[in-house]
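The file upload-v8.tsv comes next; it holds TSV, C-alpha atoms.
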chain	number	residue	atom	x	y	z
A	1290	MET	CA	104.28	189.58	268.05
A	1291	GLY	CA	103.60	192.95	266.42
A	1292	ARG	CA	106.83	192.64	264.46
A	1293	LEU	CA	105.74	189.18	263.24
A	1294	ILE	CA	102.40	190.56	262.07
A	1295	VAL	CA	104.14	193.36	260.18
A	1296	ILE	CA	106.46	190.80	258.50
A	1297	LEU	CA	103.50	188.58	257.50
A	1298	ILE	CA	101.52	191.52	256.11
A	1299	SER	CA	104.59	192.77	254.19
A	1300	SER	CA	105.19	189.28	252.79
A	1301	LEU	CA	101.58	188.94	251.71
A	1302	PHE	CA	101.67	192.38	250.07
A	1303	PHE	CA	104.94	191.61	248.26
A	1304	SER	CA	103.65	188.21	247.09
A	1305	SER	CA	100.42	189.82	245.92
A	1306	SER	CA	102.39	192.45	243.95
A	1307	LEU	CA	104.54	189.79	242.28
A	1308	PHE	CA	101.46	187.71	241.44
A	1309	SER	CA	99.68	190.78	240.02
A	1310	GLN	CA	102.75	191.74	237.96
A	1311	ASP	CA	103.15	188.18	236.70
A	1312	LYS	CA	99.45	188.06	235.82
A	1313	GLN	CA	99.75	191.33	233.89
A	1314	GLU	CA	102.80	190.04	232.01
A	1315	ARG	CA	101.01	186.78	231.16
A	1316	THR	CA	97.91	188.71	230.08
A	1317	HIS	CA	99.99	191.03	227.87
A	1318	LYS	CA	101.90	188.06	226.43
A	1319	SER	CA	98.64	186.27	225.71
A	1320	PHE	CA	97.27	189.42	223.99
A	1321	PHE	CA	100.42	189.75	221.88
A	1322	VAL	CA	100.39	186.08	220.83
A	1323	GLN	CA	96.66	186.13	220.05
A	1324	ASN	CA	97.17	189.08	217.71
A	1325	LEU	CA	100.43	187.88	216.15
A	1326	SER	CA	100.34	186.61	212.58
A	1327	MET	CA	103.11	185.39	210.24
A	1328	PRO	CA	101.61	184.65	206.80
A	1329	VAL	CA	103.69	182.90	204.16
A	1330	ASP	CA	102.48	182.99	200.54
A	1331	GLY	CA	104.15	181.19	197.68
A	1332	ARG	CA	103.60	179.99	194.14
A	1333	ALA	CA	105.83	177.56	192.25
A	1334	GLU	CA	105.07	176.65	188.66
A	1335	PHE	CA	106.15	175.52	185.25
A	1336	SER	CA	105.83	178.42	182.82
A	1337	TYR	CA	105.62	178.34	179.03
A	1338	LEU	CA	105.70	181.71	177.26
A	1339	ASP	CA	105.69	182.13	173.50
A	1340	TYR	CA	105.63	185.28	171.39
A	1341	GLU	CA	104.41	185.64	167.83
A	1342	ASN	CA	106.42	187.98	165.57
A	1343	GLN	CA	109.54	187.15	167.55
A	1344	TYR	CA	112.71	189.17	167.55
A	1345	ALA	CA	115.80	189.29	169.73
A	1346	THR	CA	114.22	190.91	172.79
A	1347	TYR	CA	111.24	188.53	172.89
A	1348	GLU	CA	111.99	184.82	172.80
A	1349	SER	CA	110.04	181.72	173.76
A	1350	VAL	CA	110.65	180.77	177.38
A	1351	HIS	CA	109.83	177.56	179.24
A	1352	LYS	CA	111.11	177.04	182.77
A	1353	PHE	CA	110.32	176.20	186.38
A	1354	GLN	CA	110.04	179.27	188.60
A	1355	PHE	CA	108.96	180.76	191.92
A	1356	SER	CA	106.75	183.53	190.57
A	1357	ASP	CA	105.71	184.69	194.05
A	1358	PHE	CA	107.08	184.13	197.54
A	1359	TYR	CA	106.29	186.46	200.46
A	1360	PHE	CA	106.80	186.47	204.23
A	1361	GLN	CA	104.90	188.80	206.54
A	1362	ILE	CA	104.79	189.47	210.28
A	1363	LYS	CA	102.09	191.64	211.78
A	1364	GLY	CA	100.52	192.15	215.18
A	1365	MET	CA	99.45	194.48	217.96
A	1366	LEU	CA	101.79	195.90	220.60
A	1367	THR	CA	98.84	197.38	222.53
A	1368	HIS	CA	95.09	197.57	221.89
A	1369	ASN	CA	95.78	200.64	219.74
A	1370	ILE	CA	99.31	200.32	218.31
A	1371	GLY	CA	100.29	197.70	215.74
A	1372	PHE	CA	103.08	196.87	213.32
A	1373	ASN	CA	103.37	195.30	209.87
A	1374	PHE	CA	106.37	194.00	207.91
A	1375	LYS	CA	106.28	192.14	204.60
A	1376	THR	CA	109.01	191.17	202.18
A	1377	GLY	CA	109.36	189.34	198.91
A	1378	PHE	CA	112.52	187.77	197.55
A	1379	ASN	CA	112.67	189.13	194.03
A	1380	SER	CA	114.97	192.17	194.17
A	1381	ASN	CA	118.09	193.55	195.87
A	1382	ASN	CA	117.71	197.05	194.41
A	1383	ILE	CA	117.61	200.11	196.67
A	1384	ASN	CA	114.70	202.39	195.78
A	1385	ALA	CA	114.24	206.16	196.14
A	1386	ASN	CA	113.29	205.71	199.81
A	1387	SER	CA	116.70	204.15	200.62
A	1388	ILE	CA	115.04	200.81	201.29
A	1389	LEU	CA	115.16	197.48	199.47
A	1390	ASP	CA	112.56	197.18	196.68
A	1391	ARG	CA	111.54	193.77	197.97
A	1392	ILE	CA	110.34	195.23	201.29
A	1393	GLN	CA	106.66	195.94	200.66
A	1394	TYR	CA	105.44	196.75	204.19
A	1395	ALA	CA	107.37	198.28	207.08
A	1396	ASN	CA	105.01	200.44	209.12
A	1397	LEU	CA	103.49	201.24	212.47
A	1398	THR	CA	99.71	201.60	212.81
A	1399	TYR	CA	97.31	203.18	215.26
A	1400	LYS	CA	93.57	202.54	215.61
A	1401	SER	CA	91.17	204.36	217.90
A	1402	ASP	CA	89.38	202.60	220.77
A	1403	ASN	CA	86.19	202.32	218.73
A	1404	SER	CA	88.14	201.18	215.62
A	1405	ARG	CA	86.64	204.01	213.56
A	1406	TRP	CA	89.93	205.82	212.93
A	1407	PHE	CA	93.07	204.17	211.54
A	1408	PHE	CA	96.51	205.69	210.90
A	1409	SER	CA	99.71	204.20	209.49
A	1410	ALA	CA	103.18	205.58	208.78
A	1411	GLY	CA	106.01	203.92	206.88
A	1412	ARG	CA	105.97	201.56	203.91
A	1413	PHE	CA	102.60	200.11	202.84
A	1414	MET	CA	100.44	199.24	199.85
A	1415	MET	CA	98.58	202.08	198.22
A	1416	LYS	CA	94.82	201.50	198.26
A	1417	VAL	CA	94.01	200.96	194.58
A	1418	GLY	CA	90.33	200.91	193.69
A	1419	THR	CA	90.10	197.76	191.61
A	1420	VAL	CA	89.07	194.21	192.49
A	1421	GLU	CA	92.09	192.95	190.53
A	1422	GLN	CA	94.48	194.76	192.88
A	1423	SER	CA	92.61	193.62	196.01
A	1424	TYR	CA	93.70	190.00	195.52
A	1425	ASN	CA	96.88	188.59	197.02
A	1426	PRO	CA	99.49	188.90	194.21
A	1427	ALA	CA	100.05	185.13	194.35
A	1428	ASP	CA	96.39	184.67	193.35
A	1429	VAL	CA	96.65	186.67	190.09
A	1430	TYR	CA	98.09	184.92	187.04
A	1431	ALA	CA	97.68	187.75	184.51
A	1432	TYR	CA	97.32	191.45	185.39
A	1433	SER	CA	95.98	194.22	183.19
A	1434	VAL	CA	98.61	196.62	181.79
A	1435	ILE	CA	97.77	199.35	184.31
A	1436	GLU	CA	97.68	197.15	187.41
A	1437	ASN	CA	100.88	195.40	186.28
A	1438	ASN	CA	102.79	198.69	186.02
A	1439	LEU	CA	101.17	200.93	188.63
A	1440	ALA	CA	103.58	201.42	191.54
A	1441	VAL	CA	101.61	200.33	194.62
A	1442	TYR	CA	104.18	199.91	197.41
A	1443	LYS	CA	104.73	203.38	198.82
A	1444	THR	CA	106.32	205.22	201.75
A	1445	GLY	CA	104.17	207.80	203.51
A	1446	ILE	CA	101.09	208.11	205.72
A	1447	THR	CA	97.52	206.78	205.68
A	1448	ILE	CA	94.45	208.25	207.40
A	1449	GLN	CA	91.27	206.15	207.28
A	1450	TYR	CA	87.77	206.40	208.73
A	1451	SER	CA	85.41	203.40	208.97
A	1452	SER	CA	81.68	203.86	209.40
A	1453	VAL	CA	79.44	201.63	211.52
A	1454	GLY	CA	78.53	199.77	208.32
A	1455	LEU	CA	82.23	199.13	207.53
A	1456	GLN	CA	82.47	201.66	204.71
A	1457	ARG	CA	86.14	202.72	204.65
A	1458	PHE	CA	87.19	206.16	203.43
A	1459	GLY	CA	90.86	207.13	203.38
A	1460	PHE	CA	93.56	209.55	202.31
A	1461	GLN	CA	97.21	208.68	201.62
A	1462	MET	CA	100.20	210.97	201.01
A	1463	MET	CA	103.26	209.11	199.70
A	1464	ASN	CA	106.56	209.33	197.84
A	1465	ALA	CA	106.04	208.88	194.11
A	1466	ASP	CA	109.32	206.90	193.79
A	1467	ASN	CA	110.57	208.77	190.71
A	1468	GLU	CA	113.58	207.35	188.91
A	1469	ASP	CA	115.25	210.77	188.74
A	1470	GLU	CA	116.65	212.77	191.64
A	1471	VAL	CA	113.51	214.90	192.05
A	1472	GLN	CA	111.17	213.29	194.60
A	1473	ASP	CA	107.51	213.95	193.84
A	1474	LEU	CA	104.64	213.27	196.22
A	1475	GLU	CA	101.50	211.29	195.40
A	1476	TYR	CA	98.04	211.82	196.89
A	1477	ASN	CA	95.40	209.09	197.01
A	1478	LEU	CA	91.72	209.16	198.01
A	1479	TYR	CA	89.89	205.84	198.29
A	1480	TRP	CA	86.59	204.21	199.21
A	1481	TYR	CA	86.48	200.51	200.10
A	1482	GLY	CA	83.00	199.35	201.04
A	1483	HIS	CA	79.81	198.04	199.54
A	1484	ILE	CA	76.60	199.07	197.81
A	1485	ILE	CA	74.74	195.97	199.01
A	1486	LYS	CA	76.41	194.25	201.97
A	1487	ASP	CA	77.87	190.84	201.06
A	1488	LYS	CA	76.49	191.23	197.52
A	1489	VAL	CA	78.15	194.20	195.77
A	1490	LYS	CA	81.55	195.35	197.09
A	1491	THR	CA	83.15	198.61	196.00
A	1492	TYR	CA	86.82	199.43	195.35
A	1493	MET	CA	87.39	203.00	194.19
A	1494	SER	CA	90.37	205.38	194.23
A	1495	VAL	CA	91.65	208.61	192.66
A	1496	THR	CA	95.41	209.30	192.67
A	1497	SER	CA	97.53	212.22	191.52
A	1498	LYS	CA	101.08	213.48	192.04
A	1499	ASP	CA	103.18	216.64	191.84
A	1500	ARG	CA	103.67	217.77	188.25
A	1501	THR	CA	106.06	219.91	186.25
A	1502	GLU	CA	104.96	223.09	184.49
A	1503	ASP	CA	105.00	221.53	181.02
A	1504	GLU	CA	102.96	218.36	181.73
A	1505	ASP	CA	99.25	217.72	182.07
A	1506	LEU	CA	97.83	216.76	185.44
A	1507	PRO	CA	98.99	213.22	186.34
A	1508	TYR	CA	96.17	210.97	187.48
A	1509	SER	CA	95.14	207.39	188.14
A	1510	ILE	CA	91.42	206.56	188.36
A	1511	ASN	CA	90.41	203.07	189.49
A	1512	LEU	CA	86.81	201.85	189.85
A	1513	GLY	CA	85.93	198.29	190.77
A	1514	LEU	CA	82.84	196.27	191.72
A	1515	ARG	CA	82.75	192.67	192.95
A	1516	TRP	CA	79.36	190.99	192.52
A	1517	ASN	CA	78.65	187.94	194.69
A	1518	PHE	CA	75.88	185.50	193.76
A	1519	GLY	CA	76.47	182.63	196.16
A	1520	SER	CA	79.23	180.47	194.67
A	1521	LEU	CA	79.34	182.65	191.54
A	1522	HIS	CA	81.29	185.91	191.55
A	1523	LEU	CA	81.88	188.61	188.95
A	1524	ASP	CA	84.71	191.19	189.05
A	1525	THR	CA	84.32	194.32	186.92
A	1526	ASP	CA	87.05	197.00	186.85
A	1527	TYR	CA	87.83	200.21	185.02
A	1528	ALA	CA	91.26	201.89	185.31
A	1529	ARG	CA	92.67	204.96	183.58
A	1530	VAL	CA	96.15	206.49	183.95
A	1531	LYS	CA	98.15	209.37	182.53
A	1532	ASN	CA	101.63	210.71	183.38
A	1533	MET	CA	102.14	208.48	186.41
A	1534	VAL	CA	105.42	206.75	187.33
A	1535	ASN	CA	106.22	203.64	185.18
A	1536	PHE	CA	104.10	204.81	182.20
A	1537	TYR	CA	105.05	206.59	178.96
A	1538	PRO	CA	104.50	210.37	179.34
A	1539	ASP	CA	101.58	212.08	177.59
A	1540	ALA	CA	99.85	208.75	176.88
A	1541	ASP	CA	96.37	207.81	178.08
A	1542	TYR	CA	96.18	204.23	179.40
A	1543	THR	CA	92.90	202.37	179.84
A	1544	SER	CA	92.41	198.87	181.28
A	1545	ILE	CA	89.10	197.03	181.65
A	1546	PRO	CA	89.45	193.57	183.25
A	1547	ILE	CA	86.33	191.41	183.69
A	1548	LYS	CA	86.47	188.10	185.54
A	1549	ILE	CA	83.73	185.55	186.23
A	1550	GLY	CA	84.36	182.52	188.41
A	1551	TYR	CA	82.60	179.74	190.28
A	1552	ALA	CA	83.63	178.04	193.53
A	1553	TRP	CA	82.82	174.38	194.05
A	1554	LYS	CA	84.02	172.38	197.05
A	1555	TYR	CA	87.26	171.30	195.38
A	1556	PHE	CA	87.32	173.12	192.04
A	1557	SER	CA	87.31	176.82	191.17
A	1558	PRO	CA	87.37	177.66	187.44
A	1559	TYR	CA	87.19	181.17	186.01
A	1560	ILE	CA	87.34	183.13	182.77
A	1561	LYS	CA	89.01	186.55	182.60
A	1562	TYR	CA	88.98	189.06	179.77
A	1563	ILE	CA	91.20	192.18	179.74
A	1564	TYR	CA	91.01	195.10	177.34
A	1565	ASN	CA	94.09	197.37	177.37
A	1566	GLN	CA	94.48	200.56	175.35
A	1567	VAL	CA	97.40	202.99	175.03
A	1568	ASP	CA	96.63	206.28	173.28
A	1569	PHE	CA	99.31	208.82	172.29
A	1570	GLU	CA	96.69	210.96	170.52
A	1571	GLY	CA	98.27	210.13	167.17
A	1572	GLU	CA	101.57	211.85	167.91
A	1573	GLY	CA	103.53	208.86	169.18
A	1574	TYR	CA	106.46	208.86	171.58
A	1575	GLU	CA	110.16	208.97	170.70
A	1576	ILE	CA	112.33	206.40	172.48
A	1577	PRO	CA	116.13	206.87	172.64
A	1578	MET	CA	118.04	203.70	171.74
A	1579	GLU	CA	121.44	202.48	172.97
A	1580	ASN	CA	123.07	203.01	169.57
A	1581	GLY	CA	122.22	206.73	169.60
A	1582	THR	CA	119.18	206.49	167.29
A	1583	THR	CA	115.55	207.01	168.26
A	1584	GLU	CA	112.42	204.96	167.61
A	1585	MET	CA	108.76	205.95	167.60
A	1586	ILE	CA	106.04	204.17	169.56
A	1587	TYR	CA	102.34	204.59	168.69
A	1588	ASP	CA	98.86	203.62	169.88
A	1589	ALA	CA	97.90	200.11	170.99
A	1590	SER	CA	94.75	198.08	171.59
A	1591	ILE	CA	95.35	194.71	173.22
A	1592	HIS	CA	92.87	191.95	174.06
A	1593	THR	CA	93.72	189.21	176.56
A	1594	LEU	CA	91.67	186.11	177.35
A	1595	GLU	CA	92.56	183.88	180.30
A	1596	LEU	CA	91.16	180.48	181.31
A	1597	ALA	CA	92.00	178.98	184.69
A	1598	LEU	CA	91.19	175.81	186.60
A	1599	GLN	CA	92.12	175.58	190.29
A	1600	TYR	CA	91.90	172.41	192.39
A	1601	TYR	CA	91.75	172.49	196.21
A	1602	PRO	CA	92.55	168.98	197.53
A	1603	PHE	CA	91.96	169.92	201.18
A	1604	GLU	CA	88.89	171.75	202.40
A	1605	ASP	CA	89.53	174.98	204.37
A	1606	LYS	CA	93.24	174.99	203.49
A	1607	ASN	CA	94.88	177.44	201.10
A	1608	ILE	CA	96.73	174.89	199.02
A	1609	ARG	CA	95.79	174.46	195.40
A	1610	PHE	CA	96.98	173.11	192.08
A	1611	TYR	CA	96.26	175.21	189.03
A	1612	LEU	CA	96.42	175.22	185.26
A	1613	THR	CA	96.01	178.53	183.43
A	1614	GLY	CA	96.37	179.72	179.88
A	1615	ASP	CA	96.12	183.24	178.51
A	1616	TYR	CA	96.49	184.69	175.04
A	1617	SER	CA	97.09	188.36	174.19
A	1618	THR	CA	96.60	189.79	170.71
A	1619	ASP	CA	99.11	192.00	168.94
A	1620	GLY	CA	99.06	195.60	170.01
A	1621	ASP	CA	98.80	198.17	167.24
A	1622	ILE	CA	101.93	199.85	168.57
A	1623	SER	CA	104.80	199.62	166.10
A	1624	ILE	CA	108.41	200.64	166.49
A	1625	ILE	CA	109.90	202.26	163.39
A	1626	THR	CA	113.60	203.02	163.09
A	1627	PRO	CA	114.05	206.37	161.30
A	1628	GLY	CA	115.38	205.89	157.76
A	1629	ALA	CA	114.53	202.18	157.70
A	1630	SER	CA	112.10	200.54	155.30
A	1631	MET	CA	108.60	199.54	156.45
A	1632	SER	CA	109.67	195.89	156.21
A	1633	SER	CA	111.69	196.45	159.38
A	1634	THR	CA	108.63	197.58	161.37
A	1635	ARG	CA	108.27	195.56	164.57
A	1636	GLN	CA	105.55	195.19	167.15
A	1637	HIS	CA	106.14	196.79	170.55
A	1638	TYR	CA	103.44	194.70	172.25
A	1639	ASN	CA	103.68	191.25	170.73
A	1640	ALA	CA	100.97	188.63	170.71
A	1641	LYS	CA	101.82	186.07	173.36
A	1642	LEU	CA	100.65	182.73	174.68
A	1643	GLN	CA	101.30	181.89	178.33
A	1644	VAL	CA	100.60	178.59	180.07
A	1645	LEU	CA	101.18	178.08	183.80
A	1646	ALA	CA	100.91	174.85	185.80
A	1647	GLY	CA	101.85	174.79	189.46
A	1648	ILE	CA	101.01	174.82	193.14
A	1649	ARG	CA	99.96	177.72	195.37
A	1650	ILE	CA	100.35	177.57	199.17
A	1651	GLY	CA	99.32	180.05	201.85
A	1652	PHE	CA	99.66	179.41	205.58
A	1653	ASP	CA	100.42	181.17	208.84
A	1654	LEU	CA	103.47	180.19	210.89
A	1655	VAL	CA	101.57	181.08	214.09
A	1656	LYS	CA	97.92	180.30	213.32
A	1657	GLY	CA	98.40	177.44	210.84
A	1658	TRP	CA	96.60	177.02	207.50
A	1659	LYS	CA	94.53	179.90	206.20

Just give me the structure of the file as structure tokens.
Amino acid sequence: MGRLIVILISSLFFSSSLFSQDKQERTHKSFFVQNLSMPVDGRAEFSYLDYENQYATYESVHKFQFSDFYFQIKGMLTHNIGFNFKTGFNSNNINANSILDRIQYANLTYKSDNSRWFFSAGRFMMKVGTVEQSYNPADVYAYSVIENNLAVYKTGITIQYSSVGLQRFGFQMMNADNEDEVQDLEYNLYWYGHIIKDKVKTYMSVTSKDRTEDEDLPYSINLGLRWNFGSLHLDTDYARVKNMVNFYPDADYTSIPIKIGYAWKYFSPYIKYIYNQVDFEGEGYEIPMENGTTEMIYDASIHTLELALQYYPFEDKNIRFYLTGDYSTDGDISIITPGASMSSTRQHYNAKLQVLAGIRIGFDLVKGWK
């Protein structure tokens, strides 16, 4: 009898342990699935691009294209540790980090129990302090010169602190992704938050990198405010860059994009103006050409005006049809071949007209439409 009682108690204990273990596994699986996300973002369109003052390098182009297509998978392994991977499909080049250029995110993250502290290590997007750069790339039809050329996908570490009022302050140390063999580091300080909650959002950052003895301090300053007035919103940005990767050396770049839009139930039109300036301080920059000669490039002031109409056929679903048009004036930059007559002077930044008509889709393979 005693042996039977021992067997029954052992069986109950073993069954209870299995049930508890199974419950823990199901709870962990449920937590993982609840926090798993697989966003897909794409944009397919017909593009018409025409340049004034045409020459061989710049020709009129009209074609169908996938201008953006991204897949992402992100989630939480525990309540503190997460992961993030995102890739596009636009490049097979290997960058200075020995990773494909098209891989934008590949990182592990850690957040504290109270969610105040956040850390990430790996490949991520640098926190740039403009409203223009805060949008999903598939939602931007024309970037300013600085935001179009600033290298934002970096490999390094991020440390961020969030206040009770959701003001986020962070520091990032990253590879600069130089084209030469010398690998510089970049350092970025940022503030993402608000001045008036739900009314005036702030996007601000200051970035610099290692420099050589003969160059001025490299920097990138980005200041952005998003003003919300119900269905009306206004984006105001200021960006300034000098001696950063992807820009001509010893030239001051300034970009000021301003965008005003309105959101109805099915329609969302907006107007965007961009002022871009490139200043070589009157000295110009000498560009080596393939034939062994050199050409000079000088200052530029470029104005861009964009009009866009977006139609959302389904409420609460990120699927839209759009028609946009933007026109950019001639830059004052001219390229002059030494020894040639002034009649051969050509524009480096040509006036251009761009018209896009297409469809934009964003959804989550796990959670559905977003």

So the first atom is CA of Val1417 in chain A and the second is CA of Asp1466 in chain A; what is the distance between them in Å, to one decimal place? 16.4 Å

Taking (94.7, 207.0, 179.6) in the file's coordinates as the center, which residues reach within 8 Å of it, counting only C-alpha atoms, put as a list in words?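 Nearby residues: Arg1529, Val1530, Lys1531, Ala1540, Asp1541, Tyr1542, Thr1543, Gln1566, Val1567 and Asp1568 of chain A.
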
Length of the CA of Tyr1442 in chain A to CA of Met1365 in chain A vector [Å]: 21.8 Å

How far is it from CA of Glu1475 in chain A to CA of Ser1401 in chain A, in Å with one decimal? 25.7 Å

Counting all atoms listed in the file, what is within 6 Å of Gln1393 in chain A, bar same-chain residues fewer than 2 positions away, as a ChimeraX atom specification? /A:1375-1376,1391,1442

Choose the residue, out of A:Gly1614, A:Val1420, A:Leu1366, A:Gly1550, that has the smallest atom-to-atom separation from Leu1514 in chain A; count only C-alpha atoms. A:Val1420

Counting all atoms listed in the file, figure out which residue out of A:Pro1546, A:Gly1364, A:Pro1328, A:Pro1507 gets nearest to Lys1561 in chain A. A:Pro1546

If we count only C-alpha atoms, what is near His1522 in chain A at a cut-off of 8 Å, once residues fewer than 6 positions away on the same chain are taken out, given as JSON, numbers by chain? {"A": [1515, 1516, 1549, 1550, 1551]}

Pick out the closest residue to Tyr1432 in chain A from this set: A:Met1493, A:Leu1512, A:Ile1547, A:Met1533. Count only C-alpha atoms.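 Ranked by minimum distance to Tyr1432 in chain A, first place goes to A:Ile1547.
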
Might you pull out every residue within 10 Å of Ala1552 in chain A, with only C-alpha atoms counted and same-chain residues fewer than 6 positions away left off, and present them as an MDAnalysis selection string? chainID A and resid 1519:1522 1558:1559 1599

Find, counting only C-alpha atoms, the residue in A:Asn1565, A:Thr1501, A:Ser1557, A:Thr1583 that gets nearest to Ala1597 in chain A.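 Between A:Asn1565, A:Thr1501, A:Ser1557, A:Thr1583, the residue approaching Ala1597 in chain A most closely is A:Ser1557.
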
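Each of A:Tyr1450, A:Phe1536, A:Tyr1479, A:Phe1321 was compared to Ile1435 in chain A using only C-alpha atoms, and A:Phe1536 turns out to be the nearest.
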
Can you tell me, as a VMD selection string, what residues are no more than 9 Å from Val1655 in chain A when counting only C-alpha atoms, ignoring any on the same chain fewer than 5 positions away? chain A and resid 1322 1325 to 1328

Between A:Asp1402, A:Gly1581, A:Phe1355, A:Ser1590, which has the minimum distance to Asn1369 in chain A (counting all atoms listed in the file)?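 Of A:Asp1402, A:Gly1581, A:Phe1355, A:Ser1590, the one nearest Asn1369 in chain A is A:Asp1402, counting all atoms listed in the file.
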
Taking (105.6, 210.8, 185.4) in the coordinates of the supplied file, I want to know which residues reach to within 12 Å of it, counting all atoms listed in the file; could you give the answer as a ChimeraX atom specification? /A:1439-1440,1465-1469,1471-1475,1497-1501,1503-1509,1530-1540

Taking all atoms of range 1323-1329 of chain A that the file lists and extending 4 Å past them on each side, where is the centre of the axis-aligned box and how long are its edges? Answer in Å to one decimal, as JSON.
{"center_x": 100.2, "center_y": 186.0, "center_z": 212.1, "size_x": 15.0, "size_y": 14.2, "size_z": 23.9}
